[in-house]
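Dropping structure-v7.txt in here (compact mmCIF, N, CA and C atoms):
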```txt
# COMPACT_ATOMS: atom_id res chain seq x y z
N MET A 937 214.73 187.58 -62.14
CA MET A 937 213.80 187.36 -61.04
C MET A 937 214.03 185.96 -60.47
N ALA A 938 213.00 185.25 -60.15
CA ALA A 938 213.07 183.94 -59.49
C ALA A 938 213.53 182.85 -60.46
N ASN A 939 214.11 181.82 -59.89
CA ASN A 939 214.53 180.66 -60.68
C ASN A 939 213.73 179.45 -60.22
N PHE A 940 212.84 179.00 -61.08
CA PHE A 940 211.98 177.86 -60.75
C PHE A 940 212.33 176.66 -61.61
N GLU A 941 213.60 176.32 -61.61
CA GLU A 941 214.07 175.17 -62.37
C GLU A 941 214.38 174.03 -61.42
N TRP A 942 213.75 172.89 -61.61
CA TRP A 942 214.01 171.69 -60.81
C TRP A 942 215.39 171.14 -61.15
N ASN A 943 216.08 170.68 -60.13
CA ASN A 943 217.27 169.86 -60.36
C ASN A 943 217.36 168.83 -59.24
N ASP A 944 218.21 167.86 -59.41
CA ASP A 944 218.24 166.70 -58.51
C ASP A 944 218.60 167.03 -57.07
N ARG A 945 219.16 168.18 -56.82
CA ARG A 945 219.48 168.51 -55.42
C ARG A 945 218.21 168.67 -54.59
N TYR A 946 217.07 168.87 -55.25
CA TYR A 946 215.79 168.99 -54.55
C TYR A 946 215.14 167.63 -54.28
N SER A 947 215.70 166.57 -54.79
CA SER A 947 215.09 165.24 -54.64
C SER A 947 215.16 164.76 -53.20
N VAL A 948 214.00 164.32 -52.69
CA VAL A 948 213.94 163.71 -51.36
C VAL A 948 214.00 162.19 -51.47
N ASN A 949 214.20 161.71 -52.69
CA ASN A 949 214.32 160.27 -52.98
C ASN A 949 213.06 159.49 -52.62
N VAL A 950 211.92 160.16 -52.74
CA VAL A 950 210.61 159.52 -52.63
C VAL A 950 209.88 159.93 -53.90
N MET A 951 209.72 158.98 -54.82
CA MET A 951 209.24 159.30 -56.17
C MET A 951 207.95 160.11 -56.17
N GLU A 952 206.96 159.71 -55.38
CA GLU A 952 205.67 160.41 -55.37
C GLU A 952 205.85 161.87 -54.98
N ILE A 953 206.65 162.12 -53.97
CA ILE A 953 206.87 163.49 -53.50
C ILE A 953 207.71 164.28 -54.50
N ASP A 954 208.75 163.65 -55.04
CA ASP A 954 209.57 164.35 -56.04
C ASP A 954 208.73 164.76 -57.25
N LEU A 955 207.85 163.91 -57.70
CA LEU A 955 206.99 164.26 -58.84
C LEU A 955 206.09 165.45 -58.49
N GLN A 956 205.58 165.47 -57.27
CA GLN A 956 204.75 166.60 -56.84
C GLN A 956 205.57 167.88 -56.74
N HIS A 957 206.78 167.76 -56.20
CA HIS A 957 207.64 168.94 -56.12
C HIS A 957 207.96 169.48 -57.51
N LYS A 958 208.22 168.58 -58.45
CA LYS A 958 208.49 169.02 -59.83
C LYS A 958 207.30 169.78 -60.39
N LYS A 959 206.10 169.30 -60.10
CA LYS A 959 204.89 169.98 -60.59
C LYS A 959 204.76 171.35 -59.94
N LEU A 960 205.08 171.46 -58.65
CA LEU A 960 205.03 172.76 -57.98
C LEU A 960 206.04 173.73 -58.59
N PHE A 961 207.23 173.23 -58.92
CA PHE A 961 208.22 174.09 -59.60
C PHE A 961 207.66 174.58 -60.93
N ALA A 962 207.04 173.69 -61.68
CA ALA A 962 206.49 174.07 -62.99
C ALA A 962 205.36 175.08 -62.82
N MET A 963 204.51 174.89 -61.83
CA MET A 963 203.42 175.84 -61.60
C MET A 963 203.96 177.21 -61.21
N ALA A 964 204.96 177.23 -60.34
CA ALA A 964 205.56 178.50 -59.94
C ALA A 964 206.22 179.18 -61.13
N HIS A 965 206.87 178.41 -61.98
CA HIS A 965 207.49 178.95 -63.19
C HIS A 965 206.42 179.59 -64.09
N ASN A 966 205.31 178.89 -64.30
CA ASN A 966 204.23 179.41 -65.15
C ASN A 966 203.64 180.70 -64.56
N LEU A 967 203.48 180.71 -63.24
CA LEU A 967 202.96 181.91 -62.59
C LEU A 967 203.93 183.07 -62.75
N ASP A 968 205.21 182.79 -62.57
CA ASP A 968 206.24 183.81 -62.74
C ASP A 968 206.22 184.39 -64.16
N GLU A 969 206.13 183.51 -65.15
CA GLU A 969 206.09 183.95 -66.54
C GLU A 969 204.86 184.80 -66.81
N ALA A 970 203.71 184.39 -66.29
CA ALA A 970 202.48 185.15 -66.49
C ALA A 970 202.58 186.53 -65.85
N MET A 971 203.16 186.59 -64.66
CA MET A 971 203.28 187.88 -63.98
C MET A 971 204.27 188.79 -64.72
N LYS A 972 205.34 188.23 -65.24
CA LYS A 972 206.31 189.02 -66.00
C LYS A 972 205.66 189.63 -67.24
N LYS A 973 204.73 188.89 -67.85
CA LYS A 973 204.07 189.34 -69.07
C LYS A 973 202.87 190.24 -68.77
N GLY A 974 202.54 190.40 -67.48
CA GLY A 974 201.40 191.23 -67.12
C GLY A 974 200.09 190.66 -67.64
N GLN A 975 200.01 189.35 -67.70
CA GLN A 975 198.81 188.72 -68.24
C GLN A 975 197.60 189.04 -67.37
N GLY A 976 196.46 188.94 -67.98
CA GLY A 976 195.21 189.34 -67.37
C GLY A 976 194.88 188.61 -66.09
N LYS A 977 193.93 189.19 -65.40
CA LYS A 977 193.48 188.67 -64.11
C LYS A 977 193.00 187.22 -64.23
N GLU A 978 192.38 186.88 -65.35
CA GLU A 978 191.86 185.53 -65.52
C GLU A 978 192.99 184.49 -65.51
N VAL A 979 194.07 184.79 -66.23
CA VAL A 979 195.21 183.87 -66.31
C VAL A 979 195.87 183.75 -64.94
N LEU A 980 196.17 184.89 -64.33
CA LEU A 980 196.80 184.87 -63.02
C LEU A 980 195.90 184.22 -61.98
N GLY A 981 194.62 184.52 -62.06
CA GLY A 981 193.66 183.93 -61.11
C GLY A 981 193.63 182.42 -61.20
N LYS A 982 193.62 181.90 -62.41
CA LYS A 982 193.61 180.45 -62.59
C LYS A 982 194.90 179.83 -62.08
N LEU A 983 196.04 180.45 -62.41
CA LEU A 983 197.32 179.91 -61.96
C LEU A 983 197.43 179.93 -60.44
N LEU A 984 197.01 181.03 -59.82
CA LEU A 984 197.04 181.11 -58.36
C LEU A 984 196.09 180.10 -57.74
N ASN A 985 194.91 179.99 -58.31
CA ASN A 985 193.93 179.02 -57.80
C ASN A 985 194.47 177.59 -57.89
N ASP A 986 195.08 177.27 -59.03
CA ASP A 986 195.68 175.94 -59.20
C ASP A 986 196.79 175.71 -58.18
N LEU A 987 197.58 176.74 -57.92
CA LEU A 987 198.67 176.62 -56.97
C LEU A 987 198.14 176.38 -55.56
N VAL A 988 197.10 177.11 -55.16
CA VAL A 988 196.49 176.93 -53.84
C VAL A 988 195.98 175.50 -53.71
N TYR A 989 195.24 175.03 -54.70
CA TYR A 989 194.68 173.67 -54.67
C TYR A 989 195.79 172.62 -54.61
N TYR A 990 196.78 172.77 -55.47
CA TYR A 990 197.83 171.75 -55.53
C TYR A 990 198.69 171.76 -54.27
N THR A 991 198.88 172.93 -53.69
CA THR A 991 199.63 173.02 -52.44
C THR A 991 198.95 172.16 -51.37
N LYS A 992 197.64 172.32 -51.23
CA LYS A 992 196.89 171.54 -50.24
C LYS A 992 196.97 170.05 -50.54
N THR A 993 196.83 169.69 -51.81
CA THR A 993 196.89 168.29 -52.22
C THR A 993 198.27 167.70 -51.92
N HIS A 994 199.31 168.46 -52.27
CA HIS A 994 200.68 167.99 -52.03
C HIS A 994 200.94 167.81 -50.54
N PHE A 995 200.59 168.81 -49.74
CA PHE A 995 200.84 168.72 -48.31
C PHE A 995 200.11 167.52 -47.70
N ALA A 996 198.86 167.30 -48.11
CA ALA A 996 198.11 166.15 -47.59
C ALA A 996 198.78 164.84 -47.96
N SER A 997 199.26 164.75 -49.17
CA SER A 997 199.94 163.54 -49.63
C SER A 997 201.23 163.31 -48.85
N GLU A 998 202.00 164.36 -48.70
CA GLU A 998 203.27 164.27 -47.97
C GLU A 998 203.02 163.84 -46.52
N GLU A 999 202.02 164.46 -45.89
CA GLU A 999 201.69 164.13 -44.51
C GLU A 999 201.18 162.70 -44.37
N ARG A 1000 200.43 162.24 -45.36
CA ARG A 1000 199.93 160.85 -45.34
C ARG A 1000 201.10 159.87 -45.34
N ILE A 1001 202.07 160.12 -46.19
CA ILE A 1001 203.25 159.25 -46.26
C ILE A 1001 204.00 159.27 -44.94
N MET A 1002 204.17 160.45 -44.37
CA MET A 1002 204.87 160.56 -43.08
C MET A 1002 204.09 159.86 -41.97
N GLU A 1003 202.77 160.04 -41.98
CA GLU A 1003 201.93 159.41 -40.95
C GLU A 1003 201.97 157.89 -41.06
N THR A 1004 201.84 157.38 -42.26
CA THR A 1004 201.88 155.92 -42.49
C THR A 1004 203.18 155.32 -41.98
N ASN A 1005 204.25 156.09 -42.08
CA ASN A 1005 205.57 155.59 -41.69
C ASN A 1005 206.02 156.10 -40.32
N HIS A 1006 205.08 156.67 -39.58
CA HIS A 1006 205.32 157.09 -38.19
C HIS A 1006 206.50 158.06 -38.05
N TYR A 1007 206.55 159.02 -38.95
CA TYR A 1007 207.63 160.01 -38.91
C TYR A 1007 207.53 160.80 -37.60
N PRO A 1008 208.60 160.81 -36.79
CA PRO A 1008 208.52 161.40 -35.45
C PRO A 1008 208.32 162.92 -35.42
N GLU A 1009 208.63 163.63 -36.49
CA GLU A 1009 208.48 165.09 -36.52
C GLU A 1009 207.27 165.53 -37.35
N LEU A 1010 206.30 164.64 -37.49
CA LEU A 1010 205.12 164.93 -38.30
C LEU A 1010 204.35 166.15 -37.79
N ASP A 1011 204.16 166.26 -36.50
CA ASP A 1011 203.38 167.39 -35.97
C ASP A 1011 204.03 168.72 -36.32
N GLU A 1012 205.34 168.81 -36.20
CA GLU A 1012 206.05 170.04 -36.55
C GLU A 1012 205.93 170.32 -38.05
N HIS A 1013 206.04 169.27 -38.84
CA HIS A 1013 205.94 169.43 -40.30
C HIS A 1013 204.53 169.91 -40.67
N ARG A 1014 203.53 169.36 -40.02
CA ARG A 1014 202.14 169.81 -40.27
C ARG A 1014 201.98 171.28 -39.91
N ARG A 1015 202.59 171.70 -38.81
CA ARG A 1015 202.48 173.09 -38.39
C ARG A 1015 203.08 174.01 -39.46
N ILE A 1016 204.22 173.62 -40.00
CA ILE A 1016 204.86 174.40 -41.06
C ILE A 1016 203.97 174.43 -42.30
N HIS A 1017 203.40 173.28 -42.66
CA HIS A 1017 202.50 173.23 -43.81
C HIS A 1017 201.29 174.14 -43.61
N HIS A 1018 200.73 174.12 -42.42
CA HIS A 1018 199.56 174.94 -42.12
C HIS A 1018 199.89 176.43 -42.31
N LYS A 1019 201.06 176.83 -41.82
CA LYS A 1019 201.48 178.22 -41.95
C LYS A 1019 201.67 178.58 -43.43
N MET A 1020 202.29 177.70 -44.20
CA MET A 1020 202.52 177.97 -45.61
C MET A 1020 201.22 178.00 -46.40
N THR A 1021 200.31 177.11 -46.07
CA THR A 1021 199.00 177.10 -46.73
C THR A 1021 198.28 178.43 -46.48
N GLY A 1022 198.36 178.91 -45.25
CA GLY A 1022 197.76 180.20 -44.92
C GLY A 1022 198.35 181.33 -45.74
N LYS A 1023 199.65 181.29 -45.96
CA LYS A 1023 200.31 182.34 -46.76
C LYS A 1023 199.85 182.28 -48.22
N VAL A 1024 199.78 181.07 -48.78
CA VAL A 1024 199.33 180.91 -50.17
C VAL A 1024 197.88 181.37 -50.31
N GLU A 1025 197.04 181.02 -49.33
CA GLU A 1025 195.64 181.44 -49.36
C GLU A 1025 195.53 182.97 -49.25
N GLN A 1026 196.41 183.59 -48.45
CA GLN A 1026 196.39 185.04 -48.31
C GLN A 1026 196.79 185.72 -49.62
N ILE A 1027 197.76 185.14 -50.31
CA ILE A 1027 198.16 185.68 -51.62
C ILE A 1027 196.96 185.64 -52.57
N MET A 1028 196.24 184.52 -52.56
CA MET A 1028 195.06 184.38 -53.43
C MET A 1028 193.98 185.40 -53.05
N LYS A 1029 193.75 185.56 -51.75
CA LYS A 1029 192.74 186.52 -51.28
C LYS A 1029 193.14 187.94 -51.70
N ASP A 1030 194.42 188.28 -51.50
CA ASP A 1030 194.89 189.61 -51.91
C ASP A 1030 194.67 189.83 -53.41
N PHE A 1031 194.92 188.79 -54.19
CA PHE A 1031 194.71 188.89 -55.64
C PHE A 1031 193.24 189.11 -55.95
N GLN A 1032 192.37 188.32 -55.33
CA GLN A 1032 190.93 188.43 -55.58
C GLN A 1032 190.39 189.80 -55.17
N ASP A 1033 190.96 190.36 -54.10
CA ASP A 1033 190.52 191.66 -53.60
C ASP A 1033 191.16 192.83 -54.35
N GLY A 1034 192.04 192.51 -55.31
CA GLY A 1034 192.72 193.56 -56.07
C GLY A 1034 193.87 194.19 -55.32
N ASN A 1035 194.35 193.53 -54.28
CA ASN A 1035 195.42 194.08 -53.45
C ASN A 1035 196.79 193.45 -53.70
N LEU A 1036 196.90 192.62 -54.71
CA LEU A 1036 198.17 191.98 -55.00
C LEU A 1036 198.96 192.88 -55.94
N ARG A 1037 199.82 193.68 -55.36
CA ARG A 1037 200.59 194.63 -56.15
C ARG A 1037 202.07 194.25 -56.20
N ASP A 1038 202.48 193.38 -55.32
CA ASP A 1038 203.90 193.06 -55.19
C ASP A 1038 204.18 191.66 -55.75
N SER A 1039 204.24 191.57 -57.06
CA SER A 1039 204.50 190.26 -57.67
C SER A 1039 205.89 189.75 -57.33
N ILE A 1040 206.83 190.65 -57.11
CA ILE A 1040 208.18 190.23 -56.72
C ILE A 1040 208.12 189.55 -55.35
N GLY A 1041 207.32 190.10 -54.45
CA GLY A 1041 207.16 189.48 -53.13
C GLY A 1041 206.57 188.08 -53.23
N VAL A 1042 205.60 187.91 -54.11
CA VAL A 1042 204.99 186.58 -54.31
C VAL A 1042 206.04 185.62 -54.86
N MET A 1043 206.78 186.06 -55.85
CA MET A 1043 207.80 185.18 -56.44
C MET A 1043 208.90 184.85 -55.44
N ASN A 1044 209.28 185.83 -54.62
CA ASN A 1044 210.29 185.56 -53.59
C ASN A 1044 209.78 184.55 -52.57
N PHE A 1045 208.50 184.68 -52.18
CA PHE A 1045 207.91 183.71 -51.26
C PHE A 1045 207.93 182.31 -51.87
N LEU A 1046 207.51 182.20 -53.13
CA LEU A 1046 207.48 180.89 -53.78
C LEU A 1046 208.89 180.30 -53.91
N GLN A 1047 209.83 181.13 -54.29
CA GLN A 1047 211.20 180.64 -54.43
C GLN A 1047 211.75 180.20 -53.07
N ASP A 1048 211.49 181.00 -52.05
CA ASP A 1048 211.91 180.65 -50.69
C ASP A 1048 211.31 179.32 -50.27
N TRP A 1049 210.00 179.18 -50.52
CA TRP A 1049 209.30 177.97 -50.15
C TRP A 1049 209.89 176.77 -50.88
N LEU A 1050 209.97 176.87 -52.18
CA LEU A 1050 210.41 175.72 -52.96
C LEU A 1050 211.86 175.35 -52.70
N THR A 1051 212.68 176.33 -52.40
CA THR A 1051 214.08 175.99 -52.14
C THR A 1051 214.31 175.69 -50.67
N LYS A 1052 214.03 176.64 -49.81
CA LYS A 1052 214.33 176.45 -48.39
C LYS A 1052 213.49 175.36 -47.74
N HIS A 1053 212.22 175.28 -48.08
CA HIS A 1053 211.38 174.26 -47.46
C HIS A 1053 211.81 172.86 -47.92
N ILE A 1054 212.01 172.70 -49.21
CA ILE A 1054 212.41 171.38 -49.71
C ILE A 1054 213.82 171.03 -49.23
N LEU A 1055 214.77 171.96 -49.40
CA LEU A 1055 216.16 171.67 -49.04
C LEU A 1055 216.37 171.61 -47.53
N GLY A 1056 215.51 172.24 -46.76
CA GLY A 1056 215.64 172.23 -45.31
C GLY A 1056 214.68 171.25 -44.65
N THR A 1057 213.43 171.67 -44.55
CA THR A 1057 212.42 170.90 -43.83
C THR A 1057 212.17 169.53 -44.44
N ASP A 1058 211.96 169.47 -45.76
CA ASP A 1058 211.65 168.19 -46.39
C ASP A 1058 212.83 167.23 -46.38
N MET A 1059 214.02 167.76 -46.50
CA MET A 1059 215.20 166.87 -46.51
C MET A 1059 215.38 166.16 -45.17
N LYS A 1060 214.78 166.70 -44.11
CA LYS A 1060 214.87 166.04 -42.80
C LYS A 1060 214.17 164.69 -42.79
N TYR A 1061 213.05 164.57 -43.53
CA TYR A 1061 212.35 163.29 -43.51
C TYR A 1061 212.90 162.29 -44.52
N SER A 1062 213.67 162.78 -45.47
CA SER A 1062 214.17 161.91 -46.53
C SER A 1062 214.93 160.68 -46.00
N PRO A 1063 215.95 160.84 -45.15
CA PRO A 1063 216.67 159.66 -44.66
C PRO A 1063 215.77 158.73 -43.84
N TYR A 1064 214.85 159.31 -43.09
CA TYR A 1064 213.95 158.51 -42.27
C TYR A 1064 213.07 157.63 -43.17
N LEU A 1065 212.40 158.27 -44.14
CA LEU A 1065 211.51 157.50 -45.03
C LEU A 1065 212.30 156.51 -45.88
N ASN A 1066 213.44 156.94 -46.42
CA ASN A 1066 214.26 156.04 -47.22
C ASN A 1066 214.72 154.85 -46.39
N GLY A 1067 215.04 155.09 -45.12
CA GLY A 1067 215.44 154.01 -44.23
C GLY A 1067 214.34 153.02 -43.94
N ARG A 1068 213.10 153.46 -44.14
CA ARG A 1068 211.94 152.58 -43.96
C ARG A 1068 211.49 151.96 -45.29
N GLY A 1069 212.32 152.14 -46.31
CA GLY A 1069 212.04 151.53 -47.60
C GLY A 1069 211.12 152.33 -48.51
N VAL A 1070 210.88 153.59 -48.16
CA VAL A 1070 210.02 154.44 -49.00
C VAL A 1070 210.91 155.17 -49.99
N HIS A 1071 210.67 154.93 -51.28
CA HIS A 1071 211.48 155.56 -52.34
C HIS A 1071 210.61 156.12 -53.43
```

Mind converting the file's structure to structure tokens?
Amino acid sequence: MANFEWNDRYSVNVMEIDLQHKKLFAMAHNLDEAMKKGQGKEVLGKLLNDLVYYTKTHFASEERIMETNHYPELDEHRRIHHKMTGKVEQIMKDFQDGNLRDSIGVMNFLQDWLTKHILGTDMKYSPYLNGRGVH
């Protein structure tokens, strides 16, 4: 299934953000393991809830750093974050309503997010922030 292993190719060279990304990888890994084991609703519910909360916290932190450093593509990055937050919240709602039947779809979304978003969208701000002395 999904591979939620952090490696240095995901580093944006901003310690605070890299630490948060590592935590998101670990949370996705734990969720994947719980879903593979068919663990109860309580376990999955807590993991999903934690992921929703941490996603919002991470995005706010990332946006704060970009705003402080006047990142020129901040508005576009916020738009992408808003869309992703909506997707994570929808997954949680589907779970709470008993409609989350496609765990593979959830894992694919998380893997896509963690790889494509970090390696694509987030890597765009890395040289800008690093050039402003943010590490």

Self-check item: Interatomic distance, atom N of A:Val979 to atom N of A:Ile1040 (Å, one decimal)
Solution: 16.7 Å

Self-check item: Between atom C of A:Asp968 and atom CA of A:Thr993, distance in Å (one decimal)
Solution: 22.1 Å

Practice problem: Pull the alpha helix (DSSP H) assignments for stretch 940-1040 of chain A out of DSSP run on the backbone, and list those residues as a PyMOL selection string. | Solution: chain A and resi 951-972+977-1004+1010-1032+1039-1040

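The shortest atom-to-atom distance to A:Ile1001, with only C-alpha atoms taken into account, belongs to A:Asn1066 out of A:Thr1021, A:Ser947, A:Asn1066, A:Asn966.
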
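The closest residue to A:Glu941, picked from A:Leu983, A:Val1070, A:Ala964, A:Met1020 and counting only C-alpha atoms, is A:Ala964.
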
Exercise. Kindly give the distance, in Å, that separates atom C of A:Leu1050 and atom CA of A:Asp1033, rounded to a single decimal.
Key: 26.9 Å

Could you work out an axis-aligned bounding box for all listed atoms of stretch 1031-1040 of chain A, with 8 Å added on each of the six sides, and give its centre and edge lengths in Å to one decimal, as AutoDock Vina command-line options?
```
--center_x 199.3 --center_y 191.5 --center_z -55.6 --size_x 33.8 --size_y 22.3 --size_z 20.2
```

Quiz prompt | Nearest candidate to A:Lys973 (options A:Asn985, A:Ser1039, A:Asn943, A:Gln1032; using only C-alpha atoms) | solution = A:Ser1039

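The nearest approach to A:Phe961 among the residues A:Phe940, A:Arg1015, A:Gln975, A:Asn949, with all atoms listed in the file taken into account, belongs to A:Phe940.
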